[in-house]
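**Q** Structure file query-v4.cif (mmCIF, C-alpha atoms) right here:
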data_target
#
loop_
_atom_site.label_atom_id
_atom_site.label_comp_id
_atom_site.auth_asym_id
_atom_site.auth_seq_id
_atom_site.Cartn_x
_atom_site.Cartn_y
_atom_site.Cartn_z
CA MET Q 1 -0.56 -1.87 -22.98
CA THR Q 2 -1.13 0.84 -20.37
CA THR Q 3 -1.33 -0.05 -16.70
CA ILE Q 4 -5.04 0.74 -16.60
CA GLU Q 5 -5.58 -1.53 -19.62
CA LEU Q 6 -3.57 -4.22 -17.85
CA MET Q 7 -5.81 -3.88 -14.78
CA LYS Q 8 -8.83 -4.40 -17.02
CA GLU Q 9 -7.22 -7.39 -18.76
CA ARG Q 10 -6.22 -9.15 -15.55
CA GLN Q 11 -8.68 -11.76 -14.41
CA SER Q 12 -8.50 -14.69 -12.04
CA ILE Q 13 -7.45 -17.79 -13.95
CA ARG Q 14 -7.88 -21.33 -12.67
CA ALA Q 15 -6.86 -23.33 -15.77
CA PHE Q 16 -3.10 -23.41 -16.20
CA ASP Q 17 -0.70 -25.10 -18.59
CA THR Q 18 0.80 -27.87 -16.46
CA GLU Q 19 3.89 -28.05 -18.69
CA ALA Q 20 4.78 -24.36 -18.42
CA GLU Q 21 7.67 -23.44 -16.21
CA MET Q 22 8.51 -20.05 -14.80
CA PRO Q 23 12.23 -19.25 -15.05
CA GLU Q 24 13.79 -18.17 -11.78
CA GLU Q 25 14.57 -14.81 -13.37
CA ASP Q 26 10.87 -14.13 -13.96
CA LEU Q 27 10.03 -15.01 -10.36
CA GLN Q 28 12.75 -12.64 -9.17
CA ASP Q 29 11.50 -9.84 -11.44
CA ILE Q 30 7.92 -10.28 -10.24
CA ILE Q 31 8.90 -10.17 -6.58
CA GLU Q 32 11.18 -7.20 -7.18
CA ALA Q 33 8.23 -5.34 -8.71
CA ALA Q 34 5.89 -6.40 -5.90
CA VAL Q 35 8.15 -4.98 -3.18
CA GLN Q 36 8.07 -1.53 -4.78
CA ALA Q 37 4.66 -1.18 -3.09
CA PRO Q 38 4.45 1.45 -0.38
CA SER Q 39 4.17 0.32 3.23
CA SER Q 40 3.58 2.10 6.52
CA TRP Q 41 6.86 3.72 7.57
CA ASN Q 42 8.44 1.72 4.72
CA LEU Q 43 8.58 -1.27 7.06
CA GLN Q 44 7.89 -3.69 4.16
CA HIS Q 45 5.56 -6.03 6.01
CA TRP Q 46 5.83 -8.88 3.52
CA LYS Q 47 7.49 -12.21 2.87
CA PHE Q 48 6.89 -14.42 -0.18
CA LEU Q 49 6.99 -18.20 -0.02
CA ALA Q 50 7.08 -19.57 -3.56
CA VAL Q 51 5.91 -23.17 -3.78
CA THR Q 52 7.39 -24.54 -7.00
CA SER Q 53 8.51 -28.13 -6.44
CA ASP Q 54 6.16 -30.97 -7.34
CA GLU Q 55 6.50 -32.40 -3.86
CA LYS Q 56 5.56 -29.17 -2.10
CA LYS Q 57 2.74 -28.43 -4.56
CA GLN Q 58 1.22 -31.80 -3.68
CA GLU Q 59 1.58 -31.00 -0.01
CA LEU Q 60 -0.15 -27.66 -0.56
CA LEU Q 61 -3.04 -29.12 -2.56
CA PRO Q 62 -5.24 -30.39 0.33
CA ILE Q 63 -4.30 -27.31 2.40
CA ALA Q 64 -5.73 -25.22 -0.46
CA TYR Q 65 -8.90 -27.35 -0.38
CA ASN Q 66 -7.86 -29.20 -3.54
CA GLN Q 67 -7.99 -26.19 -5.82
CA LYS Q 68 -6.17 -27.69 -8.78
CA GLN Q 69 -4.44 -24.48 -9.86
CA VAL Q 70 -2.04 -25.13 -6.98
CA VAL Q 71 -0.54 -28.09 -8.83
CA ASP Q 72 -1.28 -26.98 -12.41
CA SER Q 73 0.30 -23.53 -12.22
CA SER Q 74 4.05 -22.88 -12.34
CA ALA Q 75 4.18 -21.62 -8.77
CA THR Q 76 1.90 -20.73 -5.93
CA ILE Q 77 3.21 -17.82 -3.93
CA ALA Q 78 2.08 -17.49 -0.34
CA ILE Q 79 2.06 -13.87 0.75
CA LEU Q 80 2.83 -13.57 4.42
CA GLY Q 81 2.31 -10.45 6.49
CA ASP Q 82 4.96 -9.57 9.05
CA LEU Q 83 3.54 -9.12 12.56
CA GLU Q 84 6.89 -7.81 13.77
CA ALA Q 85 7.70 -5.41 10.94
CA ASN Q 86 8.62 -2.80 13.55
CA ILE Q 87 11.88 -4.73 13.89
CA HIS Q 88 12.76 -3.24 10.48
CA ALA Q 89 12.44 0.35 11.72
CA ASP Q 90 16.02 0.73 12.79
CA ALA Q 91 17.44 -0.56 9.50
CA VAL Q 92 15.04 1.52 7.40
CA TYR Q 93 15.81 4.78 9.17
CA THR Q 94 19.53 4.15 9.54
CA ASP Q 95 19.52 4.36 5.74
CA ALA Q 96 17.77 7.73 5.96
CA VAL Q 97 20.29 9.04 8.48
CA ASP Q 98 23.20 7.77 6.37
CA ALA Q 99 21.69 9.55 3.34
CA GLY Q 100 21.63 12.80 5.32
CA LYS Q 101 17.82 12.97 5.16
CA MET Q 102 17.19 12.60 8.87
CA THR Q 103 19.04 13.41 12.07
CA GLU Q 104 19.95 10.70 14.52
CA ASP Q 105 17.66 12.31 17.14
CA ILE Q 106 14.64 12.33 14.84
CA LYS Q 107 15.34 8.74 13.91
CA THR Q 108 15.48 7.70 17.57
CA GLN Q 109 12.13 9.37 18.26
CA LEU Q 110 10.49 7.94 15.15
CA VAL Q 111 11.67 4.41 15.88
CA ALA Q 112 10.33 4.75 19.44
CA ASN Q 113 6.97 5.93 18.06
CA ILE Q 114 6.79 2.94 15.74
CA HIS Q 115 7.51 0.48 18.54
CA ALA Q 116 4.86 2.22 20.69
CA ALA Q 117 2.26 1.88 17.91
CA TYR Q 118 3.02 -1.84 17.74
CA GLU Q 119 1.99 -2.15 21.38
CA ARG Q 120 -1.59 -1.26 20.43
CA GLU Q 121 -4.09 -4.14 20.39
CA GLY Q 122 -4.60 -5.50 16.87
CA PHE Q 123 -2.28 -2.97 15.26
CA ALA Q 124 0.39 -5.42 14.10
CA LYS Q 125 -2.09 -7.70 12.38
CA ASP Q 126 -3.98 -4.91 10.61
CA GLU Q 127 -0.70 -3.50 9.33
CA ALA Q 128 0.49 -6.93 8.20
CA LEU Q 129 -2.71 -7.59 6.23
CA ILE Q 130 -2.96 -4.14 4.63
CA ASN Q 131 0.66 -3.72 3.60
CA ALA Q 132 1.16 -7.29 2.39
CA SER Q 133 -1.98 -6.87 0.28
CA LEU Q 134 -0.56 -3.79 -1.44
CA ALA Q 135 2.44 -5.89 -2.49
CA SER Q 136 0.12 -8.74 -3.53
CA MET Q 137 -1.68 -6.52 -6.02
CA GLN Q 138 1.61 -5.39 -7.55
CA LEU Q 139 2.68 -9.04 -7.76
CA MET Q 140 -0.42 -9.95 -9.79
CA LEU Q 141 -0.02 -7.01 -12.15
CA ALA Q 142 3.71 -7.60 -12.62
CA ALA Q 143 3.06 -11.26 -13.40
CA LYS Q 144 0.39 -10.27 -15.92
CA GLU Q 145 2.75 -7.88 -17.65
CA LYS Q 146 5.34 -10.64 -17.95
CA GLY Q 147 2.83 -12.88 -19.71
CA TYR Q 148 1.61 -14.90 -16.76
CA ASP Q 149 -1.83 -15.09 -15.22
CA THR Q 150 -2.74 -15.41 -11.59
CA VAL Q 151 -5.47 -16.29 -9.16
CA PRO Q 152 -5.50 -15.07 -5.58
CA MET Q 153 -6.94 -17.44 -2.98
CA GLY Q 154 -8.11 -16.47 0.47
CA GLY Q 155 -9.70 -19.83 1.12
CA PHE Q 156 -7.11 -22.24 2.46
CA ASP Q 157 -6.39 -23.90 5.79
CA LYS Q 158 -4.09 -21.32 7.35
CA ALA Q 159 -3.19 -23.38 10.42
CA ALA Q 160 -2.28 -26.38 8.27
CA PHE Q 161 -0.28 -24.13 5.96
CA ILE Q 162 1.73 -22.72 8.85
CA GLU Q 163 2.52 -26.20 10.10
CA ALA Q 164 3.37 -27.77 6.73
CA PHE Q 165 5.64 -24.93 5.62
CA ASN Q 166 7.23 -24.22 9.01
CA VAL Q 167 6.02 -20.62 8.95
CA PRO Q 168 7.44 -18.77 11.96
CA GLU Q 169 4.92 -17.25 14.40
CA ARG Q 170 6.07 -13.87 13.22
CA TYR Q 171 4.11 -14.18 9.95
CA VAL Q 172 0.39 -14.31 9.15
CA PRO Q 173 -0.69 -15.94 5.87
CA VAL Q 174 -2.57 -13.31 3.86
CA MET Q 175 -3.32 -15.07 0.58
CA LEU Q 176 -2.02 -17.59 -1.92
CA ILE Q 177 -1.47 -16.52 -5.52
CA SER Q 178 -1.01 -19.14 -8.22
CA VAL Q 179 1.05 -17.92 -11.19
CA GLY Q 180 1.35 -19.64 -14.55
CA ARG Q 181 0.48 -19.72 -18.23
CA LYS Q 182 -3.26 -19.87 -18.75
CA THR Q 183 -5.05 -22.31 -21.03
CA GLY Q 184 -8.13 -20.68 -22.49
CA GLU Q 185 -10.02 -17.62 -21.33
CA ALA Q 186 -11.97 -17.09 -18.14
CA ARG Q 187 -15.25 -15.24 -17.95
CA LYS Q 188 -14.51 -11.61 -17.12
CA SER Q 189 -16.25 -10.92 -13.84
CA LYS Q 190 -18.33 -7.79 -13.46
CA ARG Q 191 -17.79 -4.90 -11.07
CA PHE Q 192 -20.30 -2.62 -9.43
CA PRO Q 193 -20.39 0.71 -11.28
CA VAL Q 194 -18.33 3.63 -9.97
CA GLU Q 195 -21.42 5.52 -8.82
CA ASP Q 196 -22.17 2.69 -6.38
CA VAL Q 197 -18.78 2.84 -4.68
CA LEU Q 198 -17.73 6.51 -4.82
CA ILE Q 199 -18.94 9.04 -2.28
CA LYS Q 200 -18.06 12.72 -2.54
CA ASP Q 201 -16.99 14.62 0.59
CA SER Q 202 -19.23 12.92 3.15
CA PHE Q 203 -21.78 10.18 3.69
CA MET O 204 6.03 3.14 -19.64
CA THR O 205 5.48 -0.48 -18.65
CA THR O 206 3.54 -1.32 -15.51
CA ILE O 207 6.69 -2.58 -13.78
CA GLU O 208 8.44 0.67 -14.68
CA LEU O 209 5.45 2.57 -13.30
CA MET O 210 5.72 0.62 -10.04
CA LYS O 211 9.36 1.64 -9.79
CA GLU O 212 8.54 5.28 -10.60
CA ARG O 213 5.74 5.58 -8.05
CA GLN O 214 6.82 7.06 -4.76
CA SER O 215 4.99 8.65 -1.89
CA ILE O 216 4.73 12.39 -2.47
CA ARG O 217 3.91 14.91 0.23
CA ALA O 218 4.45 18.20 -1.67
CA PHE O 219 1.54 18.96 -3.98
CA ASP O 220 0.59 21.85 -6.25
CA THR O 221 -2.17 23.58 -4.31
CA GLU O 222 -3.56 25.13 -7.49
CA ALA O 223 -3.95 21.88 -9.40
CA GLU O 224 -7.42 20.47 -9.76
CA MET O 225 -8.41 16.96 -10.67
CA PRO O 226 -11.26 16.88 -13.22
CA GLU O 227 -14.17 14.69 -12.18
CA GLU O 228 -13.49 12.49 -15.20
CA ASP O 229 -10.00 11.64 -13.93
CA LEU O 230 -11.38 10.73 -10.51
CA GLN O 231 -13.96 8.48 -12.15
CA ASP O 232 -11.30 6.82 -14.34
CA ILE O 233 -9.03 6.20 -11.35
CA ILE O 234 -11.81 4.64 -9.29
CA GLU O 235 -12.97 2.58 -12.24
CA ALA O 236 -9.44 1.19 -12.58
CA ALA O 237 -9.15 0.58 -8.83
CA VAL O 238 -12.30 -1.56 -8.72
CA GLN O 239 -10.90 -3.93 -11.32
CA ALA O 240 -8.92 -5.45 -8.42
CA PRO O 241 -9.85 -9.00 -7.51
CA SER O 242 -11.71 -9.62 -4.27
CA SER O 243 -12.74 -12.73 -2.36
CA TRP O 244 -15.81 -14.17 -4.09
CA ASN O 245 -15.87 -10.92 -6.11
CA LEU O 246 -17.65 -9.26 -3.19
CA GLN O 247 -15.84 -5.95 -3.86
CA HIS O 248 -15.23 -5.00 -0.24
CA TRP O 249 -14.52 -1.33 -0.93
CA LYS O 250 -15.98 2.13 -0.83
CA PHE O 251 -14.16 5.35 -1.73
CA LEU O 252 -14.84 8.64 -0.02
CA ALA O 253 -13.19 11.42 -2.03
CA VAL O 254 -12.60 14.56 0.01
CA THR O 255 -12.29 17.39 -2.50
CA SER O 256 -14.02 20.48 -1.14
CA ASP O 257 -11.96 23.07 0.72
CA GLU O 258 -14.32 22.88 3.67
CA LYS O 259 -14.04 19.11 4.03
CA LYS O 260 -10.27 19.15 3.45
CA GLN O 261 -9.94 21.56 6.38
CA GLU O 262 -12.11 19.28 8.49
CA LEU O 263 -9.91 16.30 7.56
CA LEU O 264 -6.63 18.09 8.32
CA PRO O 265 -6.52 17.65 12.13
CA ILE O 266 -7.99 14.15 11.78
CA ALA O 267 -4.99 13.34 9.58
CA TYR O 268 -2.68 14.77 12.26
CA ASN O 269 -2.11 17.94 10.24
CA GLN O 270 -0.35 16.23 7.35
CA LYS O 271 -0.47 19.12 4.89
CA GLN O 272 -0.90 16.96 1.79
CA VAL O 273 -4.53 16.62 2.85
CA VAL O 274 -5.19 20.27 2.01
CA ASP O 275 -2.50 20.73 -0.65
CA SER O 276 -3.44 17.80 -2.89
CA SER O 277 -6.40 17.80 -5.29
CA ALA O 278 -8.26 15.13 -3.32
CA THR O 279 -7.76 12.77 -0.44
CA ILE O 280 -9.54 9.50 -0.97
CA ALA O 281 -10.48 7.48 2.08
CA ILE O 282 -10.56 3.79 1.29
CA LEU O 283 -13.13 2.01 3.39
CA GLY O 284 -13.39 -1.74 3.79
CA ASP O 285 -16.85 -3.26 3.83
CA LEU O 286 -17.51 -5.39 6.93
CA GLU O 287 -20.76 -6.63 5.41
CA ALA O 288 -19.58 -7.40 1.90
CA ASN O 289 -21.39 -10.74 2.13
CA ILE O 290 -24.55 -8.73 1.47
CA HIS O 291 -23.23 -8.45 -2.12
CA ALA O 292 -23.16 -12.21 -2.61
CA ASP O 293 -26.66 -12.53 -3.92
CA ALA O 294 -26.26 -9.75 -6.50
CA VAL O 295 -22.83 -11.00 -7.63
CA TYR O 296 -24.00 -14.58 -8.20
CA THR O 297 -27.35 -13.67 -9.66
CA ASP O 298 -25.27 -12.19 -12.48
CA ALA O 299 -23.48 -15.53 -12.86
CA VAL O 300 -26.76 -17.44 -12.97
CA ASP O 301 -28.20 -15.00 -15.51
CA ALA O 302 -25.10 -15.47 -17.66
CA GLY O 303 -25.67 -19.24 -17.61
CA LYS O 304 -22.39 -19.82 -15.75
CA MET O 305 -23.92 -21.21 -12.58
CA THR O 306 -27.05 -23.08 -11.63
CA GLU O 307 -29.51 -21.62 -9.15
CA ASP O 308 -28.80 -24.51 -6.74
CA ILE O 309 -25.06 -23.95 -6.79
CA LYS O 310 -25.61 -20.24 -6.26
CA THR O 311 -27.83 -20.88 -3.24
CA GLN O 312 -25.20 -23.14 -1.68
CA LEU O 313 -22.35 -20.71 -2.41
CA VAL O 314 -24.20 -17.74 -0.98
CA ALA O 315 -24.96 -19.78 2.16
CA ASN O 316 -21.26 -20.70 2.45
CA ILE O 317 -20.27 -17.04 2.18
CA HIS O 318 -22.71 -15.99 4.90
CA ALA O 319 -21.43 -18.83 7.10
CA ALA O 320 -17.83 -17.67 6.65
CA TYR O 321 -18.86 -14.20 7.74
CA GLU O 322 -20.02 -15.64 11.06
CA ARG O 323 -16.40 -16.51 11.92
CA GLU O 324 -14.70 -14.28 14.49
CA GLY O 325 -12.56 -11.61 12.83
CA PHE O 326 -13.28 -12.84 9.31
CA ALA O 327 -15.20 -9.78 8.10
CA LYS O 328 -12.52 -7.35 9.20
CA ASP O 329 -9.61 -9.31 7.72
CA GLU O 330 -11.47 -9.56 4.41
CA ALA O 331 -12.32 -5.86 4.46
CA LEU O 332 -8.69 -4.85 5.05
CA ILE O 333 -7.15 -7.25 2.53
CA ASN O 334 -9.55 -6.67 -0.35
CA ALA O 335 -9.80 -2.90 0.07
CA SER O 336 -5.99 -2.79 0.08
CA LEU O 337 -5.82 -4.57 -3.29
CA ALA O 338 -8.05 -1.84 -4.75
CA SER O 339 -5.94 0.83 -3.00
CA MET O 340 -2.81 -0.31 -4.78
CA GLN O 341 -4.57 -0.18 -8.15
CA LEU O 342 -5.84 3.30 -7.29
CA MET O 343 -2.29 4.57 -6.68
CA LEU O 344 -0.96 3.04 -9.90
CA ALA O 345 -3.89 4.28 -11.98
CA ALA O 346 -3.43 7.79 -10.59
CA LYS O 347 0.29 7.66 -11.40
CA GLU O 348 -0.42 6.60 -14.95
CA LYS O 349 -2.78 9.55 -15.36
CA GLY O 350 -0.06 11.96 -14.30
CA TYR O 351 -0.91 12.29 -10.63
CA ASP O 352 1.10 11.33 -7.59
CA THR O 353 -0.14 9.89 -4.35
CA VAL O 354 0.70 9.24 -0.74
CA PRO O 355 -1.03 6.58 1.32
CA MET O 356 -1.54 7.37 5.01
CA GLY O 357 -2.31 4.83 7.70
CA GLY O 358 -1.79 7.31 10.50
CA PHE O 359 -5.00 9.22 11.12
CA ASP O 360 -7.63 9.33 13.86
CA LYS O 361 -10.01 6.69 12.62
CA ALA O 362 -12.70 7.29 15.24
CA ALA O 363 -12.72 11.02 14.52
CA PHE O 364 -12.83 10.31 10.78
CA ILE O 365 -15.86 8.06 11.17
CA GLU O 366 -17.66 10.72 13.16
CA ALA O 367 -16.77 13.69 10.97
CA PHE O 368 -17.68 11.98 7.70
CA ASN O 369 -20.73 10.08 8.99
CA VAL O 370 -19.19 6.75 8.03
CA PRO O 371 -21.73 3.98 8.61
CA GLU O 372 -20.74 1.20 11.05
CA ARG O 373 -20.59 -1.12 8.10
CA TYR O 374 -17.25 0.33 6.94
CA VAL O 375 -13.76 0.28 8.43
CA PRO O 376 -11.31 3.02 7.36
CA VAL O 377 -8.30 1.29 5.77
CA MET O 378 -6.16 4.18 4.59
CA LEU O 379 -6.24 7.70 3.19
CA ILE O 380 -4.62 8.40 -0.17
CA SER O 381 -3.91 11.97 -1.22
CA VAL O 382 -3.85 12.47 -4.99
CA GLY O 383 -2.52 15.50 -6.83
CA ARG O 384 0.16 17.07 -8.99
CA LYS O 385 3.53 16.92 -7.27
CA THR O 386 5.92 19.83 -6.88
CA GLY O 387 9.50 18.58 -6.97
CA GLU O 388 10.86 15.12 -6.48
CA ALA O 389 10.83 12.97 -3.37
CA ARG O 390 13.72 10.81 -2.29
CA LYS O 391 13.16 7.31 -3.68
CA SER O 392 12.91 5.04 -0.67
CA LYS O 393 14.87 1.80 -0.63
CA ARG O 394 13.52 -1.72 -0.47
CA PHE O 395 15.05 -4.81 1.07
CA PRO O 396 16.58 -6.99 -1.68
CA VAL O 397 14.56 -9.85 -3.12
CA GLU O 398 16.76 -12.46 -1.46
CA ASP O 399 15.69 -11.12 1.95
CA VAL O 400 11.97 -11.55 1.29
CA LEU O 401 11.68 -14.60 -1.00
CA ILE O 402 11.67 -18.14 0.39
CA LYS O 403 11.59 -21.16 -1.88
CA ASP O 404 9.27 -24.06 -1.03
CA SER O 405 9.51 -23.99 2.77
CA PHE O 406 10.97 -22.14 5.72
#
What is this structure when it is put down as structure tokens?
**A**
Amino acid sequence: MTTIELMKERQSIRAFDTEAEMPEEDLQDIIEAAVQAPSSWNLQHWKFLAVTSDEKKQELLPIAYNQKQVVDSSATIAILGDLEANIHADAVYTDAVDAGKMTEDIKTQLVANIHAAYEREGFAKDEALINASLASMQLMLAAKEKGYDTVPMGGFDKAAFIEAFNVPERYVPVMLISVGRKTGEARKSKRFPVEDVLIKDSF
Amino acid sequence: MTTIELMKERQSIRAFDTEAEMPEEDLQDIIEAAVQAPSSWNLQHWKFLAVTSDEKKQELLPIAYNQKQVVDSSATIAILGDLEANIHADAVYTDAVDAGKMTEDIKTQLVANIHAAYEREGFAKDEALINASLASMQLMLAAKEKGYDTVPMGGFDKAAFIEAFNVPERYVPVMLISVGRKTGEARKSKRFPVEDVLIKDSF
């Protein structure tokens, strides 16, 4: 199946096989694919919290407003955006210097520019949401290719989630994605036609 | 090539063949694939402004801080997030009622809930950024599959962009993505290993 076909096949599934398990290797492969997403300055503004144990799924259930896919699926992965991804700048560009692709001086200036951008009001959060979402989409497509289905959820009690899962202040919850083996087919939801969403050259 | 392989092949390209053109059909196919992304309540919080004319590319160049891919690539697509995507709720759920999947009463309640959520401080912008980013990732992968390469850009003068392209207040610029035929190979950027970004069950 081509990637574009896979995009058209993917749909949000809420009915999962409660007996199906996801081997650790599949989880690792899916996350490894997800993190191939691009990110601003390659800062990789994402963290994945995979809720797989029965105990933690039950704890998540009311936080996710009792959406039953949280307990029925094999795992629910919380995608967290990193509000302090600028901390990664030094490590990311040290690699570039070591590879001979950047001088130490250019690196120093670039890292300073990144830290300066992070001083701007609202910048860190916007970056966290955007970049973590790019990885989220790859996660859903990678899961689909490996024979799983997914459903992303924006509706959950974020404050309760942070408390229950000891999420450090550094991270903002972006979405939950349940992953598992579907039972039955969902109704394919419609999209507005391309001519409604594409503008050429200027409004 | 599998989708996961495609994710690993995709890299941000800044050197494009200035002679290459993208047929309108390819642009349409790429956008059609992009909009298959999921979105909260299927509100489809995205709009795509494809800058393809030489005149508009030149106008975009300083706004994109003179990143030359803006003029060298076949098109630069601005992804805009819709701050008023709740306006779509009625149309989206009228479809569901017509398909016999939802009662009129449930639709009325759901649409009211959506409008209420949009009253919450910051909600509309977060939703616009997250959901438009999901479509952005599909856009980059779809382009790659069709033989194009891309580079997403978060660094551009958003206020100047809004003015130059007459972007209505309803939309927030999320990113620019240049699309074209690459010349030469870029250095594949590294990612942090899975064990650095994956947490099991709780922090």
**Q** Considering all atoms listed in the file, give me a table of residues in chain Q that are at most 7 Å from chain O, with the closest atom pair and distance in Å for each, as JSON lines.
**A**
{"residue": "Q:Thr2", "atom": "CA", "partner": "O:Thr205", "partner_atom": "CA", "distance": 7.0}
{"residue": "Q:Thr3", "atom": "CA", "partner": "O:Thr206", "partner_atom": "CA", "distance": 5.2}
{"residue": "Q:Ile4", "atom": "CA", "partner": "O:Ala345", "partner_atom": "CA", "distance": 5.9}
{"residue": "Q:Met7", "atom": "CA", "partner": "O:Gln239", "partner_atom": "CA", "distance": 6.2}
{"residue": "Q:Lys8", "atom": "CA", "partner": "O:Gln239", "partner_atom": "CA", "distance": 6.1}
{"residue": "Q:Gln28", "atom": "CA", "partner": "O:Val397", "partner_atom": "CA", "distance": 6.9}
{"residue": "Q:Ile31", "atom": "CA", "partner": "O:Val397", "partner_atom": "CA", "distance": 6.6}
{"residue": "Q:Glu32", "atom": "CA", "partner": "O:Val397", "partner_atom": "CA", "distance": 5.9}
{"residue": "Q:Ala33", "atom": "CA", "partner": "O:Ile207", "partner_atom": "CA", "distance": 6.0}
{"residue": "Q:Val35", "atom": "CA", "partner": "O:Arg394", "partner_atom": "CA", "distance": 6.8}
{"residue": "Q:Gln36", "atom": "CA", "partner": "O:Lys211", "partner_atom": "CA", "distance": 6.1}
{"residue": "Q:Ser40", "atom": "CA", "partner": "O:Gly357", "partner_atom": "CA", "distance": 6.6}
{"residue": "Q:Lys47", "atom": "CA", "partner": "O:Val400", "partner_atom": "CA", "distance": 4.8}
{"residue": "Q:Phe48", "atom": "CA", "partner": "O:Leu401", "partner_atom": "CA", "distance": 4.9}
{"residue": "Q:Leu49", "atom": "CA", "partner": "O:Ile402", "partner_atom": "CA", "distance": 4.7}
{"residue": "Q:Ala50", "atom": "CA", "partner": "O:Lys403", "partner_atom": "CA", "distance": 5.1}
{"residue": "Q:Val51", "atom": "CA", "partner": "O:Asp404", "partner_atom": "CA", "distance": 4.4}
{"residue": "Q:Thr52", "atom": "CA", "partner": "O:Asp404", "partner_atom": "CA", "distance": 6.3}
{"residue": "Q:Ser53", "atom": "CA", "partner": "O:Asp404", "partner_atom": "CA", "distance": 6.8}
{"residue": "Q:Lys56", "atom": "CA", "partner": "O:Asp404", "partner_atom": "CA", "distance": 6.4}
{"residue": "Q:Leu129", "atom": "CA", "partner": "O:Ile333", "partner_atom": "CA", "distance": 5.8}
{"residue": "Q:Ile130", "atom": "CA", "partner": "O:Ile333", "partner_atom": "CA", "distance": 5.6}
{"residue": "Q:Ser133", "atom": "CA", "partner": "O:Ile333", "partner_atom": "CA", "distance": 5.7}
{"residue": "Q:Leu134", "atom": "CA", "partner": "O:Met340", "partner_atom": "CA", "distance": 5.3}
{"residue": "Q:Met137", "atom": "CA", "partner": "O:Leu337", "partner_atom": "CA", "distance": 5.3}
{"residue": "Q:Ala142", "atom": "CA", "partner": "O:Ile207", "partner_atom": "CA", "distance": 6.0}
{"residue": "Q:Glu145", "atom": "CA", "partner": "O:Thr206", "partner_atom": "CA", "distance": 6.9}
{"residue": "Q:Gly154", "atom": "CA", "partner": "O:Ser243", "partner_atom": "CA", "distance": 6.6}
{"residue": "Q:Phe165", "atom": "CA", "partner": "O:Ser405", "partner_atom": "CA", "distance": 4.9}
{"residue": "Q:Asn166", "atom": "CA", "partner": "O:Phe406", "partner_atom": "CA", "distance": 5.4}
{"residue": "Q:Val167", "atom": "CA", "partner": "O:Phe406", "partner_atom": "CA", "distance": 6.1}
{"residue": "Q:Arg191", "atom": "CA", "partner": "O:Val238", "partner_atom": "CA", "distance": 6.8}
{"residue": "Q:Val194", "atom": "CA", "partner": "O:Glu235", "partner_atom": "CA", "distance": 5.9}
{"residue": "Q:Val197", "atom": "CA", "partner": "O:Lys250", "partner_atom": "CA", "distance": 4.8}
{"residue": "Q:Leu198", "atom": "CA", "partner": "O:Phe251", "partner_atom": "CA", "distance": 4.9}
{"residue": "Q:Ile199", "atom": "CA", "partner": "O:Leu252", "partner_atom": "CA", "distance": 4.7}
{"residue": "Q:Lys200", "atom": "CA", "partner": "O:Ala253", "partner_atom": "CA", "distance": 5.1}
{"residue": "Q:Asp201", "atom": "CA", "partner": "O:Val254", "partner_atom": "CA", "distance": 4.4}
{"residue": "Q:Ser202", "atom": "CA", "partner": "O:Phe368", "partner_atom": "CA", "distance": 4.9}
{"residue": "Q:Phe203", "atom": "CA", "partner": "O:Asn369", "partner_atom": "CA", "distance": 5.4}
**Q** Take the PyMOL selection byres ((chain O and resi 265-268) around 6), apply it to the structure above, and return the hits as a JSON list (two decimals) with C-alpha atoms, in the coordinates of the input.
**A**
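Result file is selection_29.json:
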[["chain", "number", "residue", "atom", "x", "y", "z"],
["O", 263, "LEU", "CA", -9.91, 16.30, 7.56],
["O", 264, "LEU", "CA", -6.63, 18.09, 8.32],
["O", 269, "ASN", "CA", -2.11, 17.94, 10.24],
["O", 270, "GLN", "CA", -0.35, 16.23, 7.35],
["O", 359, "PHE", "CA", -5.00, 9.22, 11.12],
["O", 360, "ASP", "CA", -7.63, 9.33, 13.86]]
**Q** Identify, on the basis of only C-alpha atoms, every residue whose closest approach to region 381-385 of chain O does not exceed 8 Å; exclude the query and any residue fewer than 3 positions from it along the same chain; express the result as a list of chain:residue names.
**A** O:Ile216, O:Arg217, O:Ala218, O:Phe219, O:Asp220, O:Ala223, O:Glu224, O:Met225, O:Gln272, O:Val273, O:Ser276, O:Ser277, O:Ala278, O:Thr279, O:Ile280, O:Ala346, O:Gly350, O:Tyr351, O:Asp352, O:Thr353, O:Val354, O:Pro355, O:Glu388
**Q** Would you kindly translate the PyMOL selection byres ((chain O and resi 317) around 12) into the concrete residues it picks from this file, as an MDAnalysis selection string?
**A** (chainID Q and resid 155) or (chainID O and resid 243:246 287:293 295:296 310:316 318:323 326:327 330)
**Q** Mind pulling up the distance from CA of Glu59 (chain Q) to CA of Arg170 (chain Q)?
**A**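 Distance between the two atoms: 22.1 Å.
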**Q** Centre and edge lengths, as AutoDock Vina command-line options, for the axis-aligned box enclosing every listed atom of region 396-401 of chain O with 6 Å of padding on each of the six sides, in Å to one decimal?
**A**
--center_x 14.2 --center_y -10.8 --center_z -0.6 --size_x 17.1 --size_y 19.6 --size_z 17.1
**Q** Any idea what the distance is between CA of Glu121 (chain Q) and CA of Leu176 (chain Q)?
**A**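 Going from CA of Glu121 (chain Q) over to CA of Leu176 (chain Q) covers 26.1 Å.
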**Q** Give me, please, the distance in Å between CA of Thr18 (chain Q) and CA of Ile177 (chain Q), quoted to one decimal.
**A**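 Computing the Euclidean distance for CA of Thr18 (chain Q) and CA of Ile177 (chain Q) yields 15.9 Å.
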